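Engineer: Just so it is clear, I am handing over query.tsv, which has TSV, C-alpha atoms.
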chain	number	residue	atom	x	y	z
A	1	HIS	CA	98.52	122.45	95.81
A	2	LEU	CA	95.74	121.04	93.65
A	3	ARG	CA	92.31	121.19	95.28
A	4	SER	CA	89.54	119.34	93.50
A	5	PHE	CA	85.83	119.80	94.26
A	6	ALA	CA	82.63	117.99	93.32
A	7	LYS	CA	80.36	120.21	91.23
A	8	GLU	CA	77.26	119.21	89.29
A	9	GLY	CA	78.22	115.56	88.77
A	10	VAL	CA	81.89	116.13	87.94
A	11	VAL	CA	85.06	117.02	89.83
A	12	VAL	CA	86.59	120.41	89.02
A	13	ALA	CA	89.76	122.28	89.92
A	14	THR	CA	91.86	125.25	88.91
A	15	PHE	CA	95.60	124.87	88.49
A	16	ALA	CA	97.91	127.90	88.63
A	17	PRO	CA	101.16	127.02	86.82
A	18	TRP	CA	104.47	128.25	88.18
A	19	PRO	CA	107.33	129.57	86.02
A	20	GLU	CA	109.13	126.24	86.61
A	21	HIS	CA	106.30	124.45	84.75
A	22	ASP	CA	107.37	126.06	81.46
A	23	ASN	CA	108.30	123.71	78.60
A	24	GLY	CA	110.95	126.12	77.33
A	25	TYR	CA	108.63	127.74	74.78
A	26	GLY	CA	106.21	129.54	77.09
A	27	PHE	CA	103.70	126.72	77.39
A	28	LEU	CA	102.85	124.26	80.13
A	29	ASN	CA	105.19	121.24	80.19
A	30	GLY	CA	103.59	117.96	79.04
A	31	GLY	CA	104.84	116.05	82.07
A	32	VAL	CA	103.23	118.61	84.35
A	33	ILE	CA	99.95	118.28	82.43
A	34	ALA	CA	100.11	114.47	82.82
A	35	THR	CA	100.81	114.74	86.54
A	36	VAL	CA	98.05	117.26	87.19
A	37	LEU	CA	95.47	115.23	85.26
A	38	ASP	CA	96.53	112.01	87.00
A	39	CYS	CA	96.15	113.69	90.41
A	40	HIS	CA	92.83	115.22	89.44
A	41	THR	CA	91.35	111.91	88.25
A	42	ALA	CA	92.50	110.45	91.59
A	43	ALA	CA	90.21	112.95	93.32
A	44	ALA	CA	87.26	111.77	91.22
A	45	VAL	CA	88.05	108.12	92.01
A	46	MET	CA	88.40	108.81	95.74
A	47	LEU	CA	85.08	110.66	95.77
A	48	GLU	CA	83.36	107.79	93.95
A	49	SER	CA	84.85	105.24	96.33
A	50	HIS	CA	83.76	107.30	99.34
A	51	THR	CA	80.25	107.84	97.92
A	52	ARG	CA	79.82	104.09	97.39
A	53	ALA	CA	81.39	103.33	100.80
A	54	PHE	CA	83.98	100.93	99.37
A	55	ARG	CA	86.01	99.67	102.33
A	56	ASP	CA	88.86	97.29	103.08
A	57	ALA	CA	88.32	94.31	105.39
A	58	ASP	CA	89.56	96.37	108.37
A	59	GLY	CA	87.00	99.10	107.64
A	60	SER	CA	89.47	101.63	106.25
A	61	PRO	CA	88.62	103.41	102.99
A	62	ALA	CA	89.43	101.50	99.81
A	63	MET	CA	92.61	102.67	98.07
A	64	TYR	CA	93.20	102.85	94.32
A	65	VAL	CA	96.36	103.32	92.28
A	66	THR	CA	96.89	104.41	88.70
A	67	ALA	CA	97.09	101.32	86.49
A	68	GLY	CA	97.65	103.37	83.35
A	69	PHE	CA	96.29	106.22	81.32
A	70	ASP	CA	95.89	107.43	77.77
A	71	LEU	CA	96.76	111.11	77.51
A	72	LYS	CA	96.18	113.21	74.42
A	73	PHE	CA	97.70	116.64	73.89
A	74	LEU	CA	95.32	118.55	71.62
A	75	ARG	CA	96.92	122.00	71.65
A	76	PRO	CA	99.49	123.88	73.76
A	77	ALA	CA	98.36	124.95	77.22
A	78	PRO	CA	99.31	128.40	78.50
A	79	ARG	CA	101.84	128.53	81.32
A	80	ASP	CA	101.19	132.16	82.23
A	81	ARG	CA	97.61	131.82	83.53
A	82	ASP	CA	95.30	129.44	85.36
A	83	VAL	CA	93.94	126.35	83.63
A	84	SER	CA	90.81	124.45	84.60
A	85	LEU	CA	90.41	120.73	85.14
A	86	VAL	CA	87.36	118.51	84.94
A	87	ALA	CA	87.03	114.77	85.61
A	88	ARG	CA	84.29	112.18	85.90
A	89	VAL	CA	84.27	108.48	86.67
A	90	VAL	CA	82.78	106.66	83.67
A	91	SER	CA	83.07	103.04	84.82
A	92	VAL	CA	82.83	101.76	88.38
A	93	ALA	CA	83.56	98.40	89.92
A	94	GLU	CA	84.88	97.82	93.41
A	95	ASP	CA	88.20	96.55	92.00
A	96	GLU	CA	88.63	98.99	89.10
A	97	MET	CA	87.47	102.40	87.94
A	98	VAL	CA	87.90	104.34	84.73
A	99	CYS	CA	87.95	108.13	84.80
A	100	GLU	CA	87.97	110.67	81.98
A	101	GLY	CA	89.23	114.20	82.35
A	102	ALA	CA	90.40	117.30	80.56
A	103	LEU	CA	92.63	120.31	81.02
A	104	ASN	CA	91.09	123.47	79.58
A	105	ALA	CA	92.25	127.03	79.02
A	106	ASP	CA	90.56	129.95	77.32
A	107	GLU	CA	87.45	127.79	76.82
A	108	LYS	CA	89.39	125.25	74.73
A	109	VAL	CA	90.31	121.67	75.61
A	110	ARG	CA	94.11	121.45	75.72
A	111	ALA	CA	94.58	117.83	76.86
A	112	THR	CA	92.41	114.82	77.69
A	113	ILE	CA	92.98	111.75	79.83
A	114	ARG	CA	91.35	108.34	80.20
A	115	ALA	CA	92.78	106.86	83.39
A	116	HIS	CA	92.44	103.30	84.66
A	117	TRP	CA	92.54	102.85	88.43
A	118	LYS	CA	92.95	99.51	90.22
A	119	ARG	CA	92.08	98.67	93.79
A	120	PHE	CA	95.16	98.42	96.00
A	121	ARG	CA	95.04	95.80	98.72
A	122	ARG	CA	97.82	95.45	101.26
A	123	ARG	CA	99.32	92.00	101.53
A	124	ALA	CA	99.74	90.45	104.94
For this file, produce the structure as structure tokens.
Structural biologist:
Amino acid sequence: HLRSFAKEGVVVATFAPWPEHDNGYGFLNGGVIATVLDCHTAAAVMLESHTRAFRDADGSPAMYVTAGFDLKFLRPAPRDRDVSLVARVVSVAEDEMVCEGALNADEKVRATIRAHWKRFRRRA
């Protein structure tokens, strides 16, 4: 249910955690944070690819997959209220992109991500 939007040179979203996203101590689970940030950086990569009109040989939009990411947990994230997400592509090549992002709550950065995305090409 994550909806990401371009805004002023970045991609933003709001994530509303569910009770099931609790880590057992009243905070947002780290695996959920990783998943949400991975999905959100995907939106930034897809927007960049679309903007640059990267296409496969058959004309379909270029596809990218997560090649890896470095995630840092800076402080606990609340589970009982919305958190905000921001992401921006910092390095672009047709075969690879790097995206940085953050999960914020109460005007504080709770987690950051640096995600590497590789171009996916179907094999015949």
Engineer: Step by step: start from the point (93.0, 104.9, 90.7) in the file's coordinates, keep every protein, DNA or RNA residue that has an atom no farther than 12 Å from it, count all atoms listed in the file, and write the set as a PyMOL selection string.
Structural biologist: chain A and resi 37-49+62-69+89+91-100+114-120
Engineer: Kindly give the distance, in Å, that separates atom CA of Val32 of chain A and atom CA of Ile113 of chain A, rounded to a single decimal.
Structural biologist: 13.1 Å
Engineer: Could you give me, as number ranges by chain, the residues within 9 Å of Leu74 of chain A, counting all atoms listed in the file and dropping anything in the same chain fewer than 2 positions from it?
Structural biologist: A: 72, 76, 109-112
Engineer: Store the residues picked out above, limited to C-alpha atoms, as a PDB file, keeping the file's coordinate frame.
Structural biologist:
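Contents of out_23.pdb, freshly written:
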ATOM      1  CA  LYS A  72      96.180 113.210  74.420  1.00  0.00           C
ATOM      2  CA  PRO A  76      99.490 123.880  73.760  1.00  0.00           C
ATOM      3  CA  VAL A 109      90.310 121.670  75.610  1.00  0.00           C
ATOM      4  CA  ARG A 110      94.110 121.450  75.720  1.00  0.00           C
ATOM      5  CA  ALA A 111      94.580 117.830  76.860  1.00  0.00           C
ATOM      6  CA  THR A 112      92.410 114.820  77.690  1.00  0.00           C
TER       7      THR A 112
END
Engineer: Which residues, protein or nucleic acid, reach to within 6 Å of (100.9, 131.3, 76.5) in the file's coordinates when using only C-alpha atoms, and can you give that as a list in words?
Structural biologist: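 Within the cut-off we find Gly26, Phe27, Pro78, Arg79 and Asp80 of chain A.
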Engineer: State, in Å with one decimal place, the distance from atom CA of His1 of chain A to atom CA of Gly24 of chain A.
Structural biologist: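 Result for atom CA of His1 of chain A versus atom CA of Gly24 of chain A: 22.6 Å, one decimal.
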